[in-house]
Structures are given as structure tokens and as C-alpha cells.
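Containing PDB, C-alpha atoms: my_file-v4.pdb.
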```pdb
MODEL        1
ATOM      1  CA  MET A   1      37.740  25.107 -39.330
ATOM      2  CA  GLU A   2      35.917  23.477 -42.226
ATOM      3  CA  ASP A   3      36.538  20.012 -40.703
ATOM      4  CA  SER A   4      35.170  21.255 -37.362
ATOM      5  CA  LYS A   5      32.093  22.726 -39.038
ATOM      6  CA  SER A   6      31.526  19.525 -41.001
ATOM      7  CA  THR A   7      31.834  17.472 -37.813
ATOM      8  CA  LYS A   8      29.249  19.674 -36.064
ATOM      9  CA  GLU A   9      26.861  19.348 -38.997
ATOM     10  CA  LYS A  10      27.220  15.558 -39.020
ATOM     11  CA  GLY A  11      26.745  15.483 -35.266
ATOM     12  CA  GLY A  12      23.577  17.563 -35.666
ATOM     13  CA  ILE A  13      22.248  15.160 -38.279
ATOM     14  CA  ARG A  14      22.978  12.182 -36.008
ATOM     15  CA  TRP A  15      21.254  13.976 -33.121
ATOM     16  CA  LEU A  16      18.153  14.538 -35.254
ATOM     17  CA  ARG A  17      18.101  10.886 -36.278
ATOM     18  CA  ARG A  18      18.306   9.811 -32.635
ATOM     19  CA  ARG A  19      15.290  11.896 -31.674
ATOM     20  CA  ARG A  20      12.458   9.826 -30.181
ATOM     21  CA  LEU A  21       8.893  10.875 -30.985
ATOM     22  CA  SER A  22       6.478   9.989 -28.162
ATOM     23  CA  PRO A  23       2.963   9.240 -29.499
ATOM     24  CA  THR A  24       1.549  11.279 -26.619
ATOM     25  CA  ALA A  25       3.730  14.317 -27.168
ATOM     26  CA  ASP A  26       2.059  17.652 -27.852
ATOM     27  CA  LEU A  27       5.072  19.537 -29.157
ATOM     28  CA  GLN A  28       4.245  20.852 -32.591
ATOM     29  CA  ASN A  29       7.778  20.659 -33.937
ATOM     30  CA  GLU A  30       8.163  17.018 -32.883
ATOM     31  CA  ALA A  31       4.757  16.163 -34.332
ATOM     32  CA  GLU A  32       6.085  16.748 -37.812
ATOM     33  CA  VAL A  33       8.781  14.067 -37.503
ATOM     34  CA  PRO A  34       7.783  11.156 -39.782
ATOM     35  CA  LEU A  35       7.589   7.586 -38.581
ATOM     36  CA  GLY A  36      10.813   5.697 -39.005
ATOM     37  CA  GLU A  37      13.239   3.518 -37.118
ATOM     38  CA  THR A  38      12.051   4.926 -33.760
ATOM     39  CA  SER A  39       8.532   3.513 -34.035
ATOM     40  CA  GLY A  40       6.609   0.469 -35.148
ATOM     41  CA  LEU A  41       6.867  -3.237 -34.468
ATOM     42  CA  GLN A  42      10.577  -3.495 -35.256
ATOM     43  CA  PHE A  43      11.411  -0.764 -32.747
ATOM     44  CA  ILE A  44       9.251  -2.407 -30.045
ATOM     45  CA  PHE A  45      10.692  -5.872 -30.713
ATOM     46  CA  GLY A  46      14.177  -4.431 -30.401
ATOM     47  CA  PHE A  47      13.284  -3.036 -26.985
ATOM     48  CA  VAL A  48      11.703  -6.321 -25.840
ATOM     49  CA  ARG A  49      14.853  -8.250 -26.781
ATOM     50  CA  LYS A  50      16.956  -5.983 -24.549
ATOM     51  CA  ASP A  51      14.577  -5.633 -21.582
ATOM     52  CA  ARG A  52      14.781  -8.605 -19.221
ATOM     53  CA  ALA A  53      11.280  -8.318 -17.758
ATOM     54  CA  ALA A  54       9.652  -7.756 -21.152
ATOM     55  CA  LEU A  55      11.657 -10.570 -22.757
ATOM     56  CA  THR A  56      10.778 -13.105 -20.046
ATOM     57  CA  SER A  57       7.100 -12.207 -20.227
ATOM     58  CA  GLY A  58       7.197 -12.252 -24.020
ATOM     59  CA  ILE A  59       8.749 -15.728 -24.135
ATOM     60  CA  LEU A  60       6.122 -17.120 -21.740
ATOM     61  CA  ILE A  61       3.310 -15.463 -23.689
ATOM     62  CA  ALA A  62       4.687 -16.801 -26.984
ATOM     63  CA  ALA A  63       4.893 -20.316 -25.524
ATOM     64  CA  PHE A  64       1.305 -20.055 -24.295
ATOM     65  CA  LEU A  65      -0.020 -18.786 -27.634
ATOM     66  CA  ILE A  66       1.931 -21.308 -29.724
ATOM     67  CA  TYR A  67       0.758 -24.200 -27.556
ATOM     68  CA  ALA A  68      -2.837 -22.907 -27.628
ATOM     69  CA  LEU A  69      -2.688 -22.608 -31.430
ATOM     70  CA  ILE A  70      -1.395 -26.156 -31.930
ATOM     71  CA  GLU A  71      -3.790 -27.647 -29.386
ATOM     72  CA  GLY A  72      -6.683 -25.680 -30.883
ATOM     73  CA  ILE A  73      -5.884 -27.011 -34.373
ATOM     74  CA  LEU A  74      -5.757 -30.568 -33.024
ATOM     75  CA  GLN A  75      -9.118 -30.116 -31.307
ATOM     76  CA  TYR A  76     -10.625 -28.741 -34.516
ATOM     77  CA  ILE A  77      -9.282 -31.701 -36.519
ATOM     78  CA  ALA A  78     -10.569 -34.087 -33.855
ATOM     79  CA  GLY A  79     -14.037 -32.571 -34.124
ATOM     80  CA  SER A  80     -13.994 -32.626 -37.928
ATOM     81  CA  LEU A  81     -12.884 -36.261 -38.109
ATOM     82  CA  ARG A  82     -14.988 -37.279 -35.095
ATOM     83  CA  ASN A  83     -11.908 -38.764 -33.498
ATOM     84  CA  PRO A  84     -11.554 -37.173 -30.019
ATOM     85  CA  SER A  85      -8.224 -38.853 -29.320
ATOM     86  CA  ILE A  86      -6.509 -36.480 -31.775
ATOM     87  CA  GLY A  87      -7.344 -33.582 -29.465
ATOM     88  CA  TYR A  88      -5.555 -35.294 -26.555
ATOM     89  CA  MET A  89      -2.233 -35.890 -28.330
ATOM     90  CA  LEU A  90      -0.405 -33.121 -26.453
ATOM     91  CA  LEU A  91      -2.068 -33.841 -23.099
ATOM     92  CA  PRO A  92      -0.886 -36.148 -20.310
ATOM     93  CA  SER A  93      -4.282 -37.879 -20.281
ATOM     94  CA  ASN A  94      -7.841 -37.705 -21.560
ATOM     95  CA  PRO A  95      -9.323 -34.609 -19.851
ATOM     96  CA  LEU A  96     -12.906 -35.837 -20.232
ATOM     97  CA  ALA A  97     -12.634 -39.506 -19.208
ATOM     98  CA  PHE A  98     -13.738 -40.478 -15.680
ATOM     99  CA  ASP A  99     -11.450 -42.508 -13.420
ATOM    100  CA  PHE A 100     -12.969 -42.631  -9.933
ATOM    101  CA  SER A 101      -9.982 -44.528  -8.582
ATOM    102  CA  HIS A 102      -8.200 -41.147  -8.551
ATOM    103  CA  SER A 103     -11.172 -39.120  -7.304
ATOM    104  CA  LEU A 104      -9.924 -35.951  -5.559
ATOM    105  CA  GLY A 105      -6.391 -37.356  -5.569
ATOM    106  CA  ALA A 106      -3.745 -35.012  -4.173
ATOM    107  CA  PRO A 107      -0.857 -33.663  -6.286
ATOM    108  CA  THR A 108       1.934 -36.204  -6.574
ATOM    109  CA  ILE A 109       5.109 -36.547  -8.589
ATOM    110  CA  ALA A 110       4.719 -40.347  -8.506
ATOM    111  CA  SER A 111       2.361 -40.103 -11.488
ATOM    112  CA  PHE A 112       4.180 -37.225 -13.215
ATOM    113  CA  PRO A 113       2.979 -35.397 -15.234
ATOM    114  CA  ILE A 114      -0.645 -36.565 -14.982
ATOM    115  CA  GLY A 115      -0.991 -36.068 -11.245
ATOM    116  CA  ILE A 116       1.303 -33.103 -10.644
ATOM    117  CA  PHE A 117      -1.710 -30.776 -10.174
ATOM    118  CA  GLY A 118      -3.897 -33.450  -8.576
ATOM    119  CA  PHE A 119      -7.259 -34.835  -9.729
ATOM    120  CA  ASP A 120     -10.856 -33.615  -9.662
ATOM    121  CA  TYR A 121     -13.928 -35.372  -8.260
ATOM    122  CA  GLU A 122     -14.290 -37.607 -11.350
ATOM    123  CA  GLY A 123     -10.601 -38.554 -11.224
ATOM    124  CA  ARG A 124      -9.594 -36.457 -14.233
ATOM    125  CA  SER A 125      -6.159 -34.841 -14.308
ATOM    126  CA  ILE A 126      -6.422 -31.151 -13.468
ATOM    127  CA  LEU A 127      -3.282 -30.467 -15.527
ATOM    128  CA  SER A 128      -4.865 -32.094 -18.582
ATOM    129  CA  ARG A 129      -8.047 -30.087 -18.137
ATOM    130  CA  ILE A 130      -6.104 -26.825 -17.791
ATOM    131  CA  LEU A 131      -4.135 -27.562 -20.961
ATOM    132  CA  TYR A 132      -7.269 -28.647 -22.835
ATOM    133  CA  ALA A 133      -8.995 -25.347 -21.953
ATOM    134  CA  ALA A 134      -6.067 -23.124 -23.014
ATOM    135  CA  PRO A 135      -7.084 -22.680 -26.699
ATOM    136  CA  GLY A 136     -10.495 -21.297 -25.700
ATOM    137  CA  ASP A 137      -8.982 -18.574 -23.519
ATOM    138  CA  ALA A 138      -6.270 -17.711 -26.061
ATOM    139  CA  LEU A 139      -8.727 -17.535 -28.974
ATOM    140  CA  ALA A 140     -11.099 -15.364 -26.940
ATOM    141  CA  SER A 141      -8.350 -12.864 -26.108
ATOM    142  CA  VAL A 142      -7.082 -12.585 -29.696
ATOM    143  CA  LEU A 143     -10.497 -12.331 -31.373
ATOM    144  CA  VAL A 144     -11.973  -9.901 -28.852
ATOM    145  CA  VAL A 145      -8.988  -7.529 -28.850
ATOM    146  CA  ALA A 146      -8.599  -7.638 -32.643
ATOM    147  CA  SER A 147     -12.313  -7.011 -33.193
ATOM    148  CA  ALA A 148     -12.344  -4.204 -30.612
ATOM    149  CA  ILE A 149      -9.387  -2.495 -32.320
ATOM    150  CA  VAL A 150     -11.073  -2.630 -35.734
ATOM    151  CA  ILE A 151     -14.449  -1.389 -34.463
ATOM    152  CA  GLY A 152     -12.879   1.237 -32.209
ATOM    153  CA  MET A 153     -10.601   2.446 -34.991
ATOM    154  CA  LEU A 154     -13.450   2.867 -37.497
ATOM    155  CA  LEU A 155     -15.733   4.662 -35.054
ATOM    156  CA  GLY A 156     -13.096   6.652 -33.135
ATOM    157  CA  ILE A 157     -11.140   7.997 -36.090
ATOM    158  CA  THR A 158     -14.354   8.858 -37.919
ATOM    159  CA  ALA A 159     -15.712  10.710 -34.882
ATOM    160  CA  GLY A 160     -12.499  12.617 -34.250
ATOM    161  CA  TYR A 161     -11.674  13.490 -37.854
ATOM    162  CA  VAL A 162     -15.174  14.292 -39.152
ATOM    163  CA  GLY A 163     -16.418  15.919 -35.932
ATOM    164  CA  GLY A 164     -19.815  17.615 -35.716
ATOM    165  CA  TRP A 165     -22.923  15.446 -35.488
ATOM    166  CA  ALA A 166     -20.972  12.275 -36.269
ATOM    167  CA  ASP A 167     -18.732  12.880 -33.252
ATOM    168  CA  GLU A 168     -21.718  13.623 -30.998
ATOM    169  CA  ILE A 169     -23.691  10.530 -31.972
ATOM    170  CA  LEU A 170     -20.793   8.089 -31.901
ATOM    171  CA  MET A 171     -19.408   9.359 -28.598
ATOM    172  CA  ARG A 172     -22.807   9.339 -26.879
ATOM    173  CA  VAL A 173     -23.218   5.687 -27.876
ATOM    174  CA  THR A 174     -19.704   5.010 -26.578
ATOM    175  CA  ASP A 175     -20.498   6.762 -23.287
ATOM    176  CA  ALA A 176     -23.624   4.635 -22.910
ATOM    177  CA  PHE A 177     -21.529   1.458 -23.055
ATOM    178  CA  LEU A 178     -18.878   2.868 -20.728
ATOM    179  CA  ALA A 179     -21.519   3.849 -18.163
ATOM    180  CA  PHE A 180     -22.122   0.210 -17.185
ATOM    181  CA  PRO A 181     -19.658  -2.036 -15.313
ATOM    182  CA  LEU A 182     -17.991  -4.402 -17.772
ATOM    183  CA  ILE A 183     -18.834  -7.659 -16.009
ATOM    184  CA  LEU A 184     -22.432  -6.623 -15.334
ATOM    185  CA  LEU A 185     -22.958  -5.733 -18.990
ATOM    186  CA  ALA A 186     -21.348  -9.007 -20.103
ATOM    187  CA  VAL A 187     -23.584 -11.035 -17.789
ATOM    188  CA  ALA A 188     -26.694  -9.198 -18.964
ATOM    189  CA  LEU A 189     -25.878  -9.667 -22.671
ATOM    190  CA  SER A 190     -24.991 -13.347 -22.151
ATOM    191  CA  ILE A 191     -28.334 -13.948 -20.467
ATOM    192  CA  ILE A 192     -30.161 -12.202 -23.334
ATOM    193  CA  LEU A 193     -28.234 -13.867 -26.177
ATOM    194  CA  GLY A 194     -28.079 -17.326 -24.631
ATOM    195  CA  ASN A 195     -25.332 -19.773 -23.698
ATOM    196  CA  GLY A 196     -22.282 -21.082 -25.526
ATOM    197  CA  TYR A 197     -18.711 -20.158 -26.415
ATOM    198  CA  THR A 198     -19.668 -18.161 -29.520
ATOM    199  CA  VAL A 199     -22.210 -16.154 -27.544
ATOM    200  CA  VAL A 200     -19.563 -15.206 -24.977
ATOM    201  CA  LEU A 201     -17.190 -14.083 -27.742
ATOM    202  CA  VAL A 202     -19.911 -11.958 -29.361
ATOM    203  CA  THR A 203     -20.800 -10.505 -25.961
ATOM    204  CA  LEU A 204     -17.204  -9.535 -25.218
ATOM    205  CA  VAL A 205     -16.753  -7.973 -28.677
ATOM    206  CA  ILE A 206     -19.922  -5.894 -28.174
ATOM    207  CA  ILE A 207     -18.729  -4.453 -24.857
ATOM    208  CA  TRP A 208     -14.978  -4.194 -25.529
ATOM    209  CA  TRP A 209     -14.682  -1.613 -28.329
ATOM    210  CA  PRO A 210     -15.619   1.673 -26.506
ATOM    211  CA  THR A 211     -12.188   2.131 -24.870
ATOM    212  CA  TYR A 212     -10.493   1.820 -28.268
ATOM    213  CA  ALA A 213     -12.992   4.210 -29.850
ATOM    214  CA  ARG A 214     -12.136   6.822 -27.219
ATOM    215  CA  PHE A 215      -8.412   6.325 -27.812
ATOM    216  CA  PHE A 216      -8.605   6.608 -31.607
ATOM    217  CA  ARG A 217     -10.848   9.670 -31.342
ATOM    218  CA  ALA A 218      -8.263  11.382 -29.133
ATOM    219  CA  GLN A 219      -5.532  10.501 -31.633
ATOM    220  CA  ALA A 220      -7.583  11.859 -34.528
ATOM    221  CA  LEU A 221      -8.290  15.126 -32.702
ATOM    222  CA  THR A 222      -4.582  15.497 -31.915
ATOM    223  CA  LEU A 223      -3.288  14.716 -35.389
ATOM    224  CA  LYS A 224      -5.874  16.083 -37.842
ATOM    225  CA  ASN A 225      -4.509  19.648 -37.694
ATOM    226  CA  ARG A 226      -0.850  18.688 -38.067
ATOM    227  CA  GLY A 227       1.151  19.957 -41.014
ATOM    228  CA  TYR A 228       1.436  16.686 -42.920
ATOM    229  CA  VAL A 229      -2.350  16.132 -42.642
ATOM    230  CA  GLU A 230      -3.036  19.651 -43.940
ATOM    231  CA  ALA A 231      -0.583  19.045 -46.776
ATOM    232  CA  SER A 232      -2.424  15.831 -47.668
ATOM    233  CA  LYS A 233      -5.712  17.732 -47.803
ATOM    234  CA  LEU A 234      -4.197  20.327 -50.127
ATOM    235  CA  SER A 235      -2.823  17.581 -52.374
ATOM    236  CA  GLY A 236      -6.388  16.297 -52.900
ATOM    237  CA  LEU A 237      -6.311  13.212 -50.674
ATOM    238  CA  ASN A 238      -9.818  12.313 -49.480
ATOM    239  CA  GLY A 239     -10.748  11.952 -45.800
ATOM    240  CA  ALA A 240     -10.743   8.154 -45.711
ATOM    241  CA  ARG A 241      -7.230   7.907 -47.151
ATOM    242  CA  ILE A 242      -5.937  10.575 -44.761
ATOM    243  CA  MET A 243      -7.407   8.732 -41.781
ATOM    244  CA  PHE A 244      -5.830   5.417 -42.687
ATOM    245  CA  ARG A 245      -2.599   6.698 -44.232
ATOM    246  CA  HIS A 246      -1.651   9.241 -41.561
ATOM    247  CA  ILE A 247      -3.797   9.086 -38.419
ATOM    248  CA  PHE A 248      -3.898   5.315 -37.929
ATOM    249  CA  PRO A 249      -0.145   4.701 -38.526
ATOM    250  CA  ASN A 250       0.680   7.340 -35.903
ATOM    251  CA  SER A 251      -1.476   5.419 -33.422
ATOM    252  CA  VAL A 252       0.213   2.036 -33.884
ATOM    253  CA  ASP A 253       2.771   2.231 -31.063
ATOM    254  CA  PRO A 254       0.384   3.118 -28.229
ATOM    255  CA  ILE A 255      -2.274   0.715 -29.498
ATOM    256  CA  ILE A 256       0.248  -2.152 -29.311
ATOM    257  CA  ALA A 257       0.823  -1.350 -25.634
ATOM    258  CA  ILE A 258      -2.895  -1.057 -24.896
ATOM    259  CA  ALA A 259      -3.727  -4.278 -26.757
ATOM    260  CA  THR A 260      -0.981  -6.234 -24.986
ATOM    261  CA  LEU A 261      -2.427  -5.228 -21.619
ATOM    262  CA  ASP A 262      -5.918  -5.988 -22.870
ATOM    263  CA  PHE A 263      -5.154  -9.597 -23.818
ATOM    264  CA  GLY A 264      -4.772 -10.351 -20.129
ATOM    265  CA  ASN A 265      -7.905  -8.364 -19.288
ATOM    266  CA  VAL A 266      -9.967 -10.367 -21.785
ATOM    267  CA  ILE A 267      -8.698 -13.670 -20.376
ATOM    268  CA  LEU A 268      -9.527 -12.491 -16.862
ATOM    269  CA  THR A 269     -13.031 -11.380 -17.893
ATOM    270  CA  TYR A 270     -13.644 -14.582 -19.862
ATOM    271  CA  SER A 271     -12.523 -16.647 -16.869
ATOM    272  CA  THR A 272     -14.789 -14.588 -14.607
ATOM    273  CA  LEU A 273     -17.763 -15.391 -16.826
ATOM    274  CA  GLY A 274     -16.742 -19.053 -16.688
ATOM    275  CA  PHE A 275     -16.490 -18.792 -12.914
ATOM    276  CA  LEU A 276     -20.094 -17.528 -12.904
ATOM    277  CA  GLY A 277     -21.165 -20.399 -15.137
ATOM    278  CA  ILE A 278     -21.888 -18.263 -18.201
ATOM    279  CA  GLY A 279     -21.122 -19.452 -21.718
ATOM    280  CA  LEU A 280     -19.969 -22.947 -20.803
ATOM    281  CA  GLN A 281     -20.395 -26.220 -22.621
ATOM    282  CA  ILE A 282     -21.389 -28.849 -20.102
ATOM    283  CA  GLY A 283     -18.537 -31.269 -19.472
ATOM    284  CA  TYR A 284     -15.855 -29.186 -21.180
ATOM    285  CA  PRO A 285     -13.220 -27.509 -18.979
ATOM    286  CA  GLU A 286     -12.632 -23.780 -18.709
ATOM    287  CA  TRP A 287     -10.166 -22.107 -16.357
ATOM    288  CA  GLY A 288     -12.738 -20.003 -14.512
ATOM    289  CA  SER A 289     -15.181 -22.890 -14.137
ATOM    290  CA  LEU A 290     -12.391 -25.111 -12.746
ATOM    291  CA  VAL A 291     -11.760 -22.520 -10.025
ATOM    292  CA  SER A 292     -15.487 -22.241  -9.322
ATOM    293  CA  THR A 293     -15.964 -25.999  -9.004
ATOM    294  CA  GLY A 294     -12.854 -26.361  -6.881
ATOM    295  CA  LEU A 295     -14.174 -23.893  -4.307
ATOM    296  CA  PHE A 296     -16.795 -26.447  -3.241
ATOM    297  CA  TYR A 297     -13.999 -28.683  -1.937
ATOM    298  CA  ILE A 298     -11.990 -26.014  -0.070
ATOM    299  CA  PRO A 299     -10.069 -26.324   2.239
ATOM    300  CA  GLN A 300      -9.491 -30.097   2.216
ATOM    301  CA  VAL A 301      -9.027 -30.340  -1.573
ATOM    302  CA  TRP A 302      -7.042 -27.105  -1.933
ATOM    303  CA  TRP A 303      -5.371 -28.014  -5.227
ATOM    304  CA  TYR A 304      -8.624 -28.206  -7.198
ATOM    305  CA  ALA A 305      -9.118 -24.411  -7.277
ATOM    306  CA  LEU A 306      -5.529 -23.332  -6.607
ATOM    307  CA  PHE A 307      -3.735 -24.510  -9.743
ATOM    308  CA  PRO A 308      -6.257 -23.218 -12.336
ATOM    309  CA  GLY A 309      -6.244 -19.910 -10.442
ATOM    310  CA  LEU A 310      -2.456 -19.744 -10.526
ATOM    311  CA  VAL A 311      -2.460 -20.394 -14.281
ATOM    312  CA  ILE A 312      -4.922 -17.538 -14.858
ATOM    313  CA  MET A 313      -2.829 -15.255 -12.660
ATOM    314  CA  ALA A 314       0.438 -16.200 -14.394
ATOM    315  CA  VAL A 315      -0.920 -15.528 -17.898
ATOM    316  CA  VAL A 316      -2.537 -12.222 -16.918
ATOM    317  CA  VAL A 317       0.593 -11.045 -15.057
ATOM    318  CA  CYS A 318       2.804 -11.838 -18.069
ATOM    319  CA  PHE A 319       0.582  -9.795 -20.386
ATOM    320  CA  SER A 320       0.475  -6.973 -17.815
ATOM    321  CA  ILE A 321       4.264  -6.821 -17.413
ATOM    322  CA  LEU A 322       4.888  -6.844 -21.160
ATOM    323  CA  GLY A 323       2.163  -4.265 -21.795
ATOM    324  CA  ASP A 324       3.443  -1.978 -19.020
ATOM    325  CA  ARG A 325       7.003  -2.068 -20.344
ATOM    326  CA  ILE A 326       5.878  -1.289 -23.895
ATOM    327  CA  GLN A 327       3.642   1.486 -22.594
ATOM    328  CA  ASP A 328       6.592   3.026 -20.742
ATOM    329  CA  LEU A 329       8.622   2.862 -23.947
ATOM    330  CA  VAL A 330       6.079   4.520 -26.252
ATOM    331  CA  GLY A 331       5.231   7.048 -23.548
ATOM    332  CA  GLY A 332       8.845   8.209 -23.415
ATOM    333  CA  ARG A 333       9.506   6.950 -19.865
ATOM    334  CA  LEU A 334      11.955   4.301 -21.110
ATOM    335  CA  SER A 335      14.526   4.210 -23.893
ATOM    336  CA  TYR A 336      17.144   1.787 -25.188
TER
ENDMDL
END
```
Structure rendered as C-alpha cells:
Amino acid sequence: MEDSKSTKEKGGIRWLRRRRLSPTADLQNEAEVPLGETSGLQFIFGFVRKDRAALTSGILIAAFLIYALIEGILQYIAGSLRNPSIGYMLLPSNPLAFDFSHSLGAPTIASFPIGIFGFDYEGRSILSRILYAAPGDALASVLVVASAIVIGMLLGITAGYVGGWADEILMRVTDAFLAFPLILLAVALSIILGNGYTVVLVTLVIIWWPTYARFFRAQALTLKNRGYVEASKLSGLNGARIMFRHIFPNSVDPIIAIATLDFGNVILTYSTLGFLGIGLQIGYPEWGSLVSTGLFYIPQVWWYALFPGLVIMAVVVCFSILGDRIQDLVGGRLSY
């Protein structure tokens, strides 16, 4: 009897340890479960390793980001040393040099890899220009999403936790930004602030934070009356420490899912601005501008717009698949 009782108690302990806390759950008893092995980056990475769709997308995204990082460093060194050839070390050919003997040349494996995506009007390899533009899109996605998370976290958690006039003011400002279509607001700000890559980044940061502010406010409203937050107040912890010790950590899992989806959204928006000719440096390639220029030669020169468009689609789809799978996990719709 004692062995049976002991077994039941151990089984109950194991059952409690296996409990999964969904960040969106409203059950009061589950809300008191502390973060542990069922949350955080390690838990999400473990899921990605075992999920085929998430793993495939993650590998492709990692390859894209690693390449963009290395190529971006080489381009920075090339600019610092005033030696452009350093920036072309990983490319099949010089993406800026004209060669009219290949003007509008069709894709061919005879000149692999330079000509596998064909050539533009000036005879430059479209593959080289796509690869040369990758660091700009990757840097834009990382900086914009990271900045939006920081701004949204500061404003959203403050509004939700403090409440009162602070909540009213901050949320009315947020609503004002959300009232305008994203692209329209980006175009308007770019026209006001001027042209250039930095201007586009600043523009995207300005318009990207409201969604995160709304999310963090909702998290703060949900969590600020929980038992462990009340206990922290009674122990003398000030508001700022409570917000960043308890409310923010309990928002990590869902924010990872949202940010992963948003990387693709930023790249798509940045490419759309490039397609419209906003924020470009004359002569330097950008995925959206390559699609825009290629449309002038449709349908005879179909490859000019097709391949940059496919690259944009592939990157965005990979981020979307990975973000959706992580969102299903933290929302309790998937387990492993």
C-alpha cells in the first residue's frame, strides 16, 4: 500500500512537471506556474529541432542571415578601405560593373553560376545583384524588429502596468499610428525625411512599434494582478523591477513567435518601398527595385523580375512558416 501511494505521489509530481503553461491562458491556477523547462528559447529550439517544417525553414533562414552577415561585413570593410573588390569576394561577379555583351542575356547554365539567373540591361549578373543586396534586407529586418520590440515593450508595459492617464495617452498615440495603412505611412514619412537607406530604416522603426506596444500592454494587464506580482509588491519591489523581472519574462515566448513572423513582414515592406523607388542609392541593387526595373522588360525578358521576386517570396515564406509553427507551440495548439 505504501509503495502504491508513493508511486501515485511520484506520478503526480511528474504530471505537474509535464504541465505546459500557454502564455495566452487565462486560468488563474496555471498562471502561478513559474517559468521553467516548458518555456524560453531552449524549449522553442527543442521544438524546432523536432518539427520538420520549422527545422527546414530555420536552416534556410540561418543560412540567409549568416551569408548576409558575412557579406555585410565584407562590404563594410570594402567601404572603409576604399577597395570595392573586397565586397565582391563571395559573389560570382562584380554586381556593379557593366558588360553590354551580356545585355538582357537569358538564364543559362553554360556560364554557371554567373548567368544562372540571367543578366540585366547593363549585362550585370542578376544573381550577383541579388546576393549583393541581401545584407541590406537582412539588416533592415533585424534592426526594425529589435527596435520595435524595445520601444513597444517600454511603452506597452508602462501603459498596462501604470494605467490611468499614462495608459490613455500612450494608447491614443498608438491608435493614431495604427489608423493609417503601413505602406502609406512609410511612403509619407520617407518623402518628408528624405532619401537613403538610413532614412528608410528610421521610417520603418517609427511605424513598426505600435503592434508590439499593444501586445505588451495586453500582457501587462493580464499579469499585473497575478499572485507572484502581488507578492513582489508586498516584498517592496518597485514598479520598474516588477515590470522587467516578472511581466516581460512571461511575454518572451509569444514575442519570439510574433518577431519571427515580423522579420518576413519587414523584408516585404522594405522591398515594397524599394519597388516604389523610395530610399534607394542610385546604382546599388535592392530586391524590390530589381523587380520594379524588370517589369519594364516583361514579357520578353521574364527572368529580370521573376528571380528577385522568387527570392523575396522564399525568404518571407520561410519566416512565415517558422513563425506560424512557433506561434502554434506557444499558443498550446502544438506540443512535443
Restrict the calculation to only C-alpha atoms, then for each residue of range 231-328 of chain A with any atom at most 12 Å from an atom of range 62-85 of chain A give the closest atom pair and their distance in Å to one decimal, rows by chain and rising residue number, as a Markdown table.
```
| residue | atom | partner | partner_atom | distance |
| --- | --- | --- | --- | --- |
| A:Phe263 | CA | A:Leu65 | CA | 11.2 |
| A:Val311 | CA | A:Phe64 | CA | 10.7 |
| A:Ile312 | CA | A:Phe64 | CA | 11.6 |
| A:Ala314 | CA | A:Phe64 | CA | 10.7 |
| A:Val315 | CA | A:Phe64 | CA | 8.1 |
| A:Val316 | CA | A:Phe64 | CA | 11.4 |
| A:Cys318 | CA | A:Ala62 | CA | 10.4 |
| A:Phe319 | CA | A:Ala62 | CA | 10.5 |
| A:Leu322 | CA | A:Ala62 | CA | 11.5 |
```
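Atom to atom, CA of Ile59 in chain A and CA of Arg129 in chain A stand 22.9 Å apart.
Using only C-alpha atoms, the residues found no farther than 6 Å from Ile157 in chain A, other than those of its own chain fewer than 2 positions away, are Met153, Leu154, Leu155, Ala159, Gly160, Tyr161, Phe216, Arg217 and Ala220 of chain A.
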- Message: Just to confirm, what's the straight-line distance from CA of Gly105 in chain A to CA of Ser128 in chain A in Å (one decimal)?
- Response: 14.1 Å
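In this model, the gap between CA of Gly323 in chain A and CA of Phe244 in chain A comes to 24.4 Å.
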- Please evaluate the PyMOL selection byres ((chain A and resi 290) around 12) against the structure above and give the resulting residues as number ranges by chain. A: 119-121, 124-133, 271-277, 280, 283-289, 291-297, 303-312
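Counting all atoms listed in the file, the residue from A:Ile255, A:Gly331, A:Ile321, A:Tyr88 that sits nearest to Arg52 in chain A is A:Ile321.
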- Message: Under the PyMOL selection byres ((chain A and resi 191) around 12), which residues of this model are included? Write them out as a PyMOL selection string.
- Response: chain A and resi 184-190+192-196+199-200+203+273+276-279
- Message: At a cut-off of 12 Å, using all atoms listed in the file, what residues contact Thr260 in chain A? Leave out same-chain residues fewer than 6 positions from it and give the result as a PyMOL selection string.
- Response: chain A and resi 54+57-58+61+141-142+145-146+149+253-254+266-267+315-327
- Query: Hey, what's within 8 Å of Ile114 in chain A if we count all atoms listed in the file and toss same-chain stuff fewer than 2 positions away? As number ranges by chain, please?
  - Reply: A: 92-93, 111-112, 116-118, 125, 127-128
Report the residues retrieved by the PyMOL selection byres ((chain A and resi 169-177) around 8) from the displayed file, expressed as a CSV table (one decimal) with C-alpha atoms, in the frame of the given file.
```
chain,number,residue,atom,x,y,z
A,155,LEU,CA,-15.7,4.7,-35.1
A,156,GLY,CA,-13.1,6.7,-33.1
A,159,ALA,CA,-15.7,10.7,-34.9
A,165,TRP,CA,-22.9,15.4,-35.5
A,166,ALA,CA,-21.0,12.3,-36.3
A,167,ASP,CA,-18.7,12.9,-33.3
A,168,GLU,CA,-21.7,13.6,-31.0
A,178,LEU,CA,-18.9,2.9,-20.7
A,179,ALA,CA,-21.5,3.8,-18.2
A,180,PHE,CA,-22.1,0.2,-17.2
A,207,ILE,CA,-18.7,-4.5,-24.9
A,210,PRO,CA,-15.6,1.7,-26.5
A,213,ALA,CA,-13.0,4.2,-29.8
A,214,ARG,CA,-12.1,6.8,-27.2
```
Keeping C-alpha atoms (and nothing else), can you write range 99-115 of chain A of this structure as a PDB file, in the first residue's frame?
```pdb
ATOM      1  CA  ASP A  99      29.184  44.341 -69.605  1.00  0.00           C
ATOM      2  CA  PHE A 100      26.904  45.131 -72.549  1.00  0.00           C
ATOM      3  CA  SER A 101      27.959  41.973 -74.353  1.00  0.00           C
ATOM      4  CA  HIS A 102      25.583  40.153 -71.977  1.00  0.00           C
ATOM      5  CA  SER A 103      22.822  42.773 -72.061  1.00  0.00           C
ATOM      6  CA  LEU A 104      19.472  41.137 -71.197  1.00  0.00           C
ATOM      7  CA  GLY A 105      21.067  37.707 -71.578  1.00  0.00           C
ATOM      8  CA  ALA A 106      18.770  34.788 -70.773  1.00  0.00           C
ATOM      9  CA  PRO A 107      19.447  32.356 -67.900  1.00  0.00           C
ATOM     10  CA  THR A 108      21.986  29.731 -68.896  1.00  0.00           C
ATOM     11  CA  ILE A 109      23.950  27.032 -67.131  1.00  0.00           C
ATOM     12  CA  ALA A 110      26.779  27.474 -69.662  1.00  0.00           C
ATOM     13  CA  SER A 111      28.100  30.377 -67.579  1.00  0.00           C
ATOM     14  CA  PHE A 112      27.204  28.884 -64.181  1.00  0.00           C
ATOM     15  CA  PRO A 113      26.871  30.428 -61.658  1.00  0.00           C
ATOM     16  CA  ILE A 114      27.100  33.951 -63.107  1.00  0.00           C
ATOM     17  CA  GLY A 115      24.354  33.531 -65.679  1.00  0.00           C
TER      18      GLY A 115
END
```
